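Visitor: Contents of structure_36.csv (CSV, C-alpha atoms and all ligand atoms):
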chain,number,residue,atom,x,y,z
A,3,MET,CA,56.5,51.7,47.2
A,4,ASN,CA,58.5,48.5,46.8
A,5,ILE,CA,60.7,48.0,43.8
A,6,ILE,CA,62.5,44.8,42.8
A,7,VAL,CA,64.7,44.9,39.7
A,8,LEU,CA,64.4,41.4,38.4
A,9,ASN,CA,67.0,41.9,35.6
A,10,SER,CA,68.5,44.8,33.8
A,11,GLY,CA,70.6,44.7,30.6
A,12,SER,CA,70.6,43.8,26.9
A,13,ASN,CA,70.0,40.2,28.0
A,14,GLY,CA,66.6,41.1,29.6
A,15,ASN,CA,64.7,43.7,31.5
A,16,ALA,CA,61.9,43.4,34.0
A,17,VAL,CA,61.0,45.5,37.1
A,18,TYR,CA,58.4,44.7,39.7
A,19,VAL,CA,56.7,47.7,41.4
A,20,GLU,CA,54.3,47.0,44.3
A,21,SER,CA,52.0,49.0,46.5
A,22,PRO,CA,52.8,48.4,50.2
A,23,VAL,CA,49.1,49.4,50.9
A,24,THR,CA,47.2,46.9,48.7
A,25,GLY,CA,50.0,44.4,47.7
A,26,ALA,CA,49.0,45.0,44.1
A,27,ALA,CA,51.9,45.2,41.6
A,28,VAL,CA,52.8,46.0,38.0
A,29,LEU,CA,55.6,44.8,35.9
A,30,LEU,CA,57.6,47.3,33.8
A,31,ASP,CA,58.9,45.3,30.8
A,32,CYS,CA,58.9,41.5,30.6
A,33,GLY,CA,62.2,40.7,28.9
A,34,ILE,CA,63.1,37.5,30.9
A,35,SER,CA,61.2,34.2,30.9
A,36,ARG,CA,58.1,33.6,33.0
A,37,LYS,CA,60.0,31.0,34.9
A,38,GLN,CA,62.8,33.4,35.8
A,39,ILE,CA,60.4,36.0,36.9
A,40,GLU,CA,58.7,33.5,39.2
A,41,LEU,CA,62.0,32.3,40.6
A,42,ARG,CA,63.3,35.8,41.2
A,43,LEU,CA,60.1,37.1,42.8
A,44,LYS,CA,60.0,34.0,45.0
A,45,GLN,CA,63.3,34.9,46.5
A,46,HIS,CA,61.5,37.9,48.0
A,47,GLY,CA,58.4,36.0,48.9
A,48,ARG,CA,56.5,37.6,46.0
A,49,PHE,CA,54.4,36.0,43.3
A,50,LEU,CA,53.2,36.8,39.8
A,51,ASP,CA,49.5,36.6,41.0
A,52,SER,CA,50.0,40.0,42.5
A,53,VAL,CA,50.9,41.6,39.2
A,54,ARG,CA,47.8,43.3,37.7
A,55,ALA,CA,49.3,44.5,34.5
A,56,VAL,CA,52.5,44.7,32.4
A,57,PHE,CA,53.7,48.0,30.9
A,58,VAL,CA,56.0,47.7,27.9
A,59,THR,CA,58.5,50.4,26.9
A,60,HIS,CA,59.3,49.2,23.4
A,61,GLU,CA,59.4,46.1,21.2
A,62,HIS,CA,63.1,45.0,21.5
A,63,ALA,CA,63.4,41.4,22.6
A,64,ASP,CA,65.2,42.3,25.8
A,65,HIS,CA,62.0,44.0,27.0
A,66,VAL,CA,59.3,41.6,25.8
A,67,ARG,CA,60.8,38.1,25.5
A,68,GLY,CA,58.7,36.7,28.4
A,69,LEU,CA,55.5,38.5,27.5
A,70,PRO,CA,53.5,35.9,25.5
A,71,VAL,CA,53.9,33.1,28.1
A,72,THR,CA,53.6,35.3,31.2
A,73,THR,CA,50.5,37.2,30.1
A,74,LYS,CA,48.8,34.0,28.9
A,75,LEU,CA,49.4,32.0,32.1
A,76,TYR,CA,48.5,34.8,34.4
A,77,ARG,CA,45.8,36.5,32.2
A,78,MET,CA,47.1,40.0,32.9
A,79,PRO,CA,46.6,42.9,30.5
A,80,THR,CA,49.5,44.5,28.7
A,81,PHE,CA,49.7,48.3,28.1
A,82,LEU,CA,51.8,49.5,25.2
A,83,THR,CA,51.7,52.0,22.4
A,84,GLU,CA,50.0,50.9,19.2
A,85,ALA,CA,53.1,51.3,17.0
A,86,THR,CA,55.1,49.1,19.5
A,87,TRP,CA,52.4,46.4,19.2
A,88,ARG,CA,52.4,46.5,15.4
A,89,LYS,CA,56.2,46.0,15.4
A,90,MET,CA,56.1,42.9,17.6
A,91,TRP,CA,55.7,39.5,16.1
A,92,LYS,CA,56.5,36.5,18.1
A,93,HIS,CA,56.6,38.4,21.3
A,94,ARG,CA,53.1,39.8,21.2
A,95,PRO,CA,51.2,39.6,24.5
A,96,HIS,CA,48.4,37.2,24.9
A,97,LYS,CA,45.0,38.8,24.2
A,98,GLY,CA,44.0,41.6,26.5
A,99,HIS,CA,46.5,44.2,25.4
A,100,ARG,CA,45.5,47.9,25.6
A,101,PHE,CA,47.0,50.8,23.8
A,102,ILE,CA,48.4,53.7,25.7
A,103,GLY,CA,49.1,57.1,24.2
A,104,ARG,CA,52.2,59.0,25.0
A,105,ASP,CA,51.7,61.3,28.0
A,106,ALA,CA,48.7,59.2,29.0
A,107,ARG,CA,48.1,58.0,32.5
A,108,VAL,CA,46.7,54.5,33.4
A,109,THR,CA,45.5,53.6,36.8
A,110,VAL,CA,45.5,50.0,38.1
A,111,GLU,CA,44.1,49.8,41.7
A,112,ASP,CA,46.2,52.3,43.6
A,113,ILE,CA,49.1,52.4,41.1
A,114,SER,CA,49.2,55.0,38.3
A,115,VAL,CA,51.6,54.8,35.4
A,116,GLU,CA,52.3,57.6,33.0
A,117,ALA,CA,54.1,57.1,29.6
A,118,PHE,CA,56.5,59.6,28.0
A,119,SER,CA,58.1,59.5,24.6
A,120,LYS,CA,61.8,58.9,24.3
A,121,HIS,CA,64.6,58.8,21.7
A,122,HIS,CA,65.6,55.2,20.8
A,123,ASP,CA,65.7,53.1,17.6
A,124,ALA,CA,62.3,51.5,18.1
A,125,ALA,CA,58.8,52.1,16.6
A,126,ASP,CA,57.3,54.3,19.4
A,127,PRO,CA,59.4,53.9,22.6
A,128,VAL,CA,58.3,55.3,25.9
A,129,PHE,CA,59.6,55.5,29.5
A,130,PHE,CA,57.4,55.4,32.6
A,131,VAL,CA,56.7,57.2,35.8
A,132,VAL,CA,54.9,55.0,38.4
A,133,GLU,CA,53.1,56.7,41.3
A,134,ILE,CA,51.7,55.1,44.4
A,135,SER,CA,50.3,57.3,47.3
A,136,GLY,CA,52.4,60.2,46.1
A,137,VAL,CA,55.7,58.3,45.8
A,138,ARG,CA,57.0,58.5,42.3
A,139,PHE,CA,59.4,56.2,40.4
A,140,LEU,CA,61.0,57.0,37.0
A,141,TYR,CA,61.9,54.0,34.8
A,142,ALA,CA,64.1,55.2,31.9
A,143,THR,CA,66.4,52.9,29.9
A,144,ASP,CA,67.3,52.6,26.2
A,145,LEU,CA,67.7,56.3,25.7
A,146,GLY,CA,69.7,57.8,22.8
A,147,GLU,CA,69.7,61.2,24.5
A,148,HIS,CA,67.8,62.9,27.2
A,149,SER,CA,64.6,64.9,26.6
A,150,GLU,CA,63.0,67.8,28.3
A,151,ASP,CA,60.5,65.5,29.9
A,152,LEU,CA,63.2,63.3,31.3
A,153,ALA,CA,65.2,66.2,32.7
A,154,ARG,CA,62.1,67.7,34.3
A,155,LEU,CA,60.9,64.4,35.8
A,156,LEU,CA,64.3,63.5,37.3
A,157,GLY,CA,63.7,66.5,39.6
A,158,ASP,CA,60.3,65.3,40.5
A,159,VAL,CA,60.6,61.7,41.6
A,160,ASP,CA,61.6,59.7,44.8
A,161,ALA,CA,63.3,56.9,42.9
A,162,ALA,CA,64.7,56.5,39.4
A,163,LEU,CA,66.1,53.6,37.4
A,164,LEU,CA,68.3,55.4,34.8
A,165,GLU,CA,70.3,53.7,32.0
A,166,SER,CA,74.1,53.9,32.4
A,167,ASN,CA,74.9,51.7,29.4
A,168,TYR,CA,78.6,52.2,28.5
A,169,ASP,CA,81.9,53.6,29.4
A,170,GLU,CA,83.0,55.8,26.6
A,171,GLU,CA,86.6,54.6,26.7
A,172,MET,CA,85.7,51.0,26.8
A,173,LEU,CA,83.4,51.3,23.9
A,174,GLU,CA,86.0,53.3,21.9
A,175,ASN,CA,88.8,50.7,22.6
A,176,GLY,CA,86.6,47.7,22.5
A,177,SER,CA,86.0,45.1,19.7
A,178,TYR,CA,82.6,46.2,18.4
A,179,PRO,CA,82.5,47.0,14.7
A,180,PRO,CA,82.4,50.7,13.8
A,181,ASP,CA,78.8,50.8,12.7
A,182,LEU,CA,77.6,49.2,16.0
A,183,LYS,CA,79.7,51.8,18.0
A,184,ILE,CA,78.0,54.5,16.0
A,185,ARG,CA,74.6,53.1,16.7
A,186,ILE,CA,75.2,52.8,20.4
A,187,ARG,CA,76.5,56.4,20.6
A,188,SER,CA,73.8,57.9,18.4
A,189,THR,CA,70.9,59.9,19.6
A,190,HIS,CA,68.7,56.8,19.2
A,191,GLY,CA,71.1,54.4,20.9
A,192,HIS,CA,72.0,54.3,24.6
A,193,LEU,CA,73.2,56.6,27.3
A,194,SER,CA,76.9,56.5,28.4
A,195,ASN,CA,77.9,56.6,32.1
A,196,LEU,CA,79.0,60.2,31.7
A,197,GLN,CA,75.7,61.2,30.0
A,198,ALA,CA,73.7,59.5,32.8
A,199,MET,CA,75.8,61.3,35.5
A,200,ASP,CA,75.4,64.6,33.8
A,201,LEU,CA,71.7,64.2,33.7
A,202,VAL,CA,71.6,63.4,37.4
A,203,ALA,CA,74.0,66.2,38.3
A,204,SER,CA,72.0,68.8,36.3
A,205,HIS,CA,68.4,67.8,37.2
A,206,ALA,CA,68.0,65.6,40.3
A,207,ASN,CA,67.6,67.1,43.7
A,208,GLY,CA,67.2,66.1,47.4
A,209,ARG,CA,63.8,64.5,46.6
A,210,LEU,CA,65.7,61.6,45.0
A,211,HIS,CA,65.9,58.9,47.7
A,212,THR,CA,67.1,56.0,45.5
A,213,LEU,CA,69.1,56.1,42.2
A,214,ILE,CA,69.3,52.8,40.4
A,215,LEU,CA,71.8,52.7,37.5
A,216,GLY,CA,70.9,50.0,35.0
A,217,HIS,CA,71.0,48.4,31.5
A,218,LEU,CA,74.8,48.1,31.8
A,219,SER,CA,76.6,46.8,28.7
A,220,GLU,CA,78.2,43.4,29.1
A,221,ASN,CA,81.3,44.3,27.1
A,222,ASN,CA,81.6,48.1,27.5
A,223,ASN,CA,80.9,48.6,31.2
A,224,THR,CA,81.3,47.1,34.6
A,225,PRO,CA,79.4,47.7,37.9
A,226,GLU,CA,82.8,48.9,39.3
A,227,VAL,CA,83.2,51.6,36.7
A,228,VAL,CA,79.7,52.8,37.2
A,229,GLY,CA,80.2,52.8,41.0
A,230,ARG,CA,83.4,54.9,40.6
A,231,GLU,CA,81.7,57.4,38.3
A,232,VAL,CA,78.7,57.8,40.6
A,233,GLU,CA,80.9,58.2,43.7
A,234,ARG,CA,82.9,60.9,41.9
A,235,LEU,CA,79.6,62.7,41.0
A,236,PHE,CA,78.3,62.8,44.6
A,237,ALA,CA,81.6,63.6,46.1
A,238,ARG,CA,81.5,66.7,43.9
A,239,ARG,CA,77.9,67.6,44.7
A,240,GLY,CA,77.9,67.3,48.5
A,241,GLU,CA,74.5,68.8,49.1
A,242,PHE,CA,72.4,65.6,48.6
A,243,ARG,CA,73.2,61.9,48.3
A,244,PRO,CA,70.6,59.3,47.3
A,245,ARG,CA,70.9,55.6,48.0
A,246,ILE,CA,72.8,54.2,45.0
A,247,VAL,CA,72.1,50.8,43.5
A,248,VAL,CA,73.7,49.3,40.4
A,249,ALA,CA,71.3,46.8,38.8
A,250,SER,CA,72.5,43.4,37.8
A,251,ARG,CA,72.4,41.7,34.4
A,252,TYR,CA,72.5,38.3,36.1
A,253,GLU,CA,70.5,38.2,39.3
A,254,VAL,CA,67.5,39.7,41.1
A,255,GLY,CA,68.2,42.8,43.1
A,256,ASP,CA,67.2,43.6,46.7
A,257,LEU,CA,63.7,44.7,47.6
A,258,LEU,CA,64.0,48.4,47.6
A,259,SER,CA,61.5,50.3,49.8
A,260,ILE,CA,60.9,53.9,48.8
A,261,PRO,CA,59.4,56.0,51.6
A,301,ZN,ZN,67.1,47.3,26.1
A,302,ZN,ZN,66.0,48.9,23.1
Here is a file; write its structure as structure tokens.
Guide:
Amino acid sequence: MNIIVLNSGSNGNAVYVESPVTGAAVLLDCGISRKQIELRLKQHGRFLDSVRAVFVTHEHADHVRGLPVTTKLYRMPTFLTEATWRKMWKHRPHKGHRFIGRDARVTVEDISVEAFSKHHDAADPVFFVVEISGVRFLYATDLGEHSEDLARLLGDVDAALLESNYDEEMLENGSYPPDLKIRIRSTHGHLSNLQAMDLVASHANGRLHTLILGHLSENNNTPEVVGREVERLFARRGEFRPRIVVASRYEVGDLLSIP
């Protein structure tokens, strides 16, 4: 499986997942412009023509901003929950959307995608597990708190993109108004670095080849702080150590091959 994180953060999210066998791909979220998706894929010699479908986690603009134009120009179907579609207005996909249920599995060529319910302040938000030839990738951002599904799946995937949104001290001492701090910390907000590390420490195992930490806050986190936390975690664990990647809010990531 090949993964390219095109962007990750409150300014836009999109992840390209490709089958190395057929070259077919899917997009997880479409929260940056069609033009930016094209430019960023091109840096890796990839093109939107290979994308067979878009899977949307929830209706927040940072996950769907590029959806109308991208799906219209490339005539690709969008899979999303019905409540998510109902809550979307200007970011609705071009015709050809299909509803997915929670815990449903959709297969596009040799790529299968499963949706699971999550805690977040959206209509019916989901996270995804993508599977290609037995290789499994968990894509889970915008989480107020972990769930049983998430905990179980972290131990049953080869790669994961997990939200590591904010450093607790930076949020506490930062300039956000109190109600926004409460929203971010709530069970329907975002995961802190410590919450993300706790999840990995408690549930991941030697199967996890690549751990991508993403959706970092612009004001309450830095890649350096996340890097430090994750180093501390694996220094403590010792018995296994995945490849660690911190996803960027500003530029396309490396092409990650997952064996
Ligand atoms: Zn988001
Ligand atoms: Zn969100």
Visitor: Find the distance between atom CA of Gly11 of chain A and atom CA of Arg251 of chain A and write it in Å to one decimal.
Guide: 5.2 Å
Visitor: Using all atoms listed in the file, determine which residues lie at most 7 Å from segment 195-200 of chain A, disregarding the query and same-chain residues fewer than 6 positions distant; provide the list as a PyMOL selection string.
Guide: chain A and resi 165-169+228+232+235
Visitor: Identify the residues around (47.6, 37.4, 31.5) within a radius of 12 Å, measuring from all atoms listed in the file in the coordinates stated by the file, and give them as a PDB file with C-alpha atoms, in the frame of the given file.
Guide:
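See result-v8.pdb below for the written result:
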ATOM      1  CA  VAL A  28      52.800  46.000  38.000  1.00  0.00           C
ATOM      2  CA  LEU A  29      55.600  44.800  35.900  1.00  0.00           C
ATOM      3  CA  ARG A  36      58.100  33.600  33.000  1.00  0.00           C
ATOM      4  CA  LEU A  50      53.200  36.800  39.800  1.00  0.00           C
ATOM      5  CA  ASP A  51      49.500  36.600  41.000  1.00  0.00           C
ATOM      6  CA  SER A  52      50.000  40.000  42.500  1.00  0.00           C
ATOM      7  CA  VAL A  53      50.900  41.600  39.200  1.00  0.00           C
ATOM      8  CA  ARG A  54      47.800  43.300  37.700  1.00  0.00           C
ATOM      9  CA  ALA A  55      49.300  44.500  34.500  1.00  0.00           C
ATOM     10  CA  VAL A  56      52.500  44.700  32.400  1.00  0.00           C
ATOM     11  CA  GLY A  68      58.700  36.700  28.400  1.00  0.00           C
ATOM     12  CA  LEU A  69      55.500  38.500  27.500  1.00  0.00           C
ATOM     13  CA  PRO A  70      53.500  35.900  25.500  1.00  0.00           C
ATOM     14  CA  VAL A  71      53.900  33.100  28.100  1.00  0.00           C
ATOM     15  CA  THR A  72      53.600  35.300  31.200  1.00  0.00           C
ATOM     16  CA  THR A  73      50.500  37.200  30.100  1.00  0.00           C
ATOM     17  CA  LYS A  74      48.800  34.000  28.900  1.00  0.00           C
ATOM     18  CA  LEU A  75      49.400  32.000  32.100  1.00  0.00           C
ATOM     19  CA  TYR A  76      48.500  34.800  34.400  1.00  0.00           C
ATOM     20  CA  ARG A  77      45.800  36.500  32.200  1.00  0.00           C
ATOM     21  CA  MET A  78      47.100  40.000  32.900  1.00  0.00           C
ATOM     22  CA  PRO A  79      46.600  42.900  30.500  1.00  0.00           C
ATOM     23  CA  THR A  80      49.500  44.500  28.700  1.00  0.00           C
ATOM     24  CA  PHE A  81      49.700  48.300  28.100  1.00  0.00           C
ATOM     25  CA  ARG A  94      53.100  39.800  21.200  1.00  0.00           C
ATOM     26  CA  PRO A  95      51.200  39.600  24.500  1.00  0.00           C
ATOM     27  CA  HIS A  96      48.400  37.200  24.900  1.00  0.00           C
ATOM     28  CA  LYS A  97      45.000  38.800  24.200  1.00  0.00           C
ATOM     29  CA  GLY A  98      44.000  41.600  26.500  1.00  0.00           C
ATOM     30  CA  HIS A  99      46.500  44.200  25.400  1.00  0.00           C
TER      31      HIS A  99
END
Visitor: Looking at only C-alpha atoms and all ligand atoms, which of A:Leu8, A:Leu152, A:Leu30, A:Ile186 is the one that sits closest to ligand ZN 302 (chain A)?
Guide: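 Ranked by minimum distance to ligand ZN 302 (chain A), first place goes to A:Ile186.
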Visitor: Counting only C-alpha atoms and all ligand atoms, which residues in chain A sit no more than 8 Å from ligand ZN 302 (chain A)? For each one, give the nearest pair of atoms and the distance in Å, sorted by chain then residue number, as a tab-separated table.
Guide:
residue	atom	partner	partner_atom	distance
A:Ser12	CA	A:ZN302	ZN	7.8
A:His60	CA	A:ZN302	ZN	6.7
A:Glu61	CA	A:ZN302	ZN	7.4
A:His62	CA	A:ZN302	ZN	5.1
A:Ala63	CA	A:ZN302	ZN	8.0
A:Asp64	CA	A:ZN302	ZN	7.2
A:His65	CA	A:ZN302	ZN	7.4
A:His122	CA	A:ZN302	ZN	6.7
A:Asp123	CA	A:ZN302	ZN	6.9
A:Ala124	CA	A:ZN302	ZN	6.7
A:Thr143	CA	A:ZN302	ZN	7.9
A:Asp144	CA	A:ZN302	ZN	5.0
A:Gly191	CA	A:ZN302	ZN	7.8
Visitor: Figure out the distance between atom CA of Val7 of chain A and atom CA of Arg154 of chain A, please, to one decimal in Å.
Guide: 23.6 Å
Visitor: Which residues come within 8 Å of Leu201 of chain A, counting all atoms listed in the file, excluding same-chain residues fewer than 4 positions away, as a list in words?
Guide: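 The filter keeps His148, Ala153, Gln197, His205 and Ala206 of chain A.
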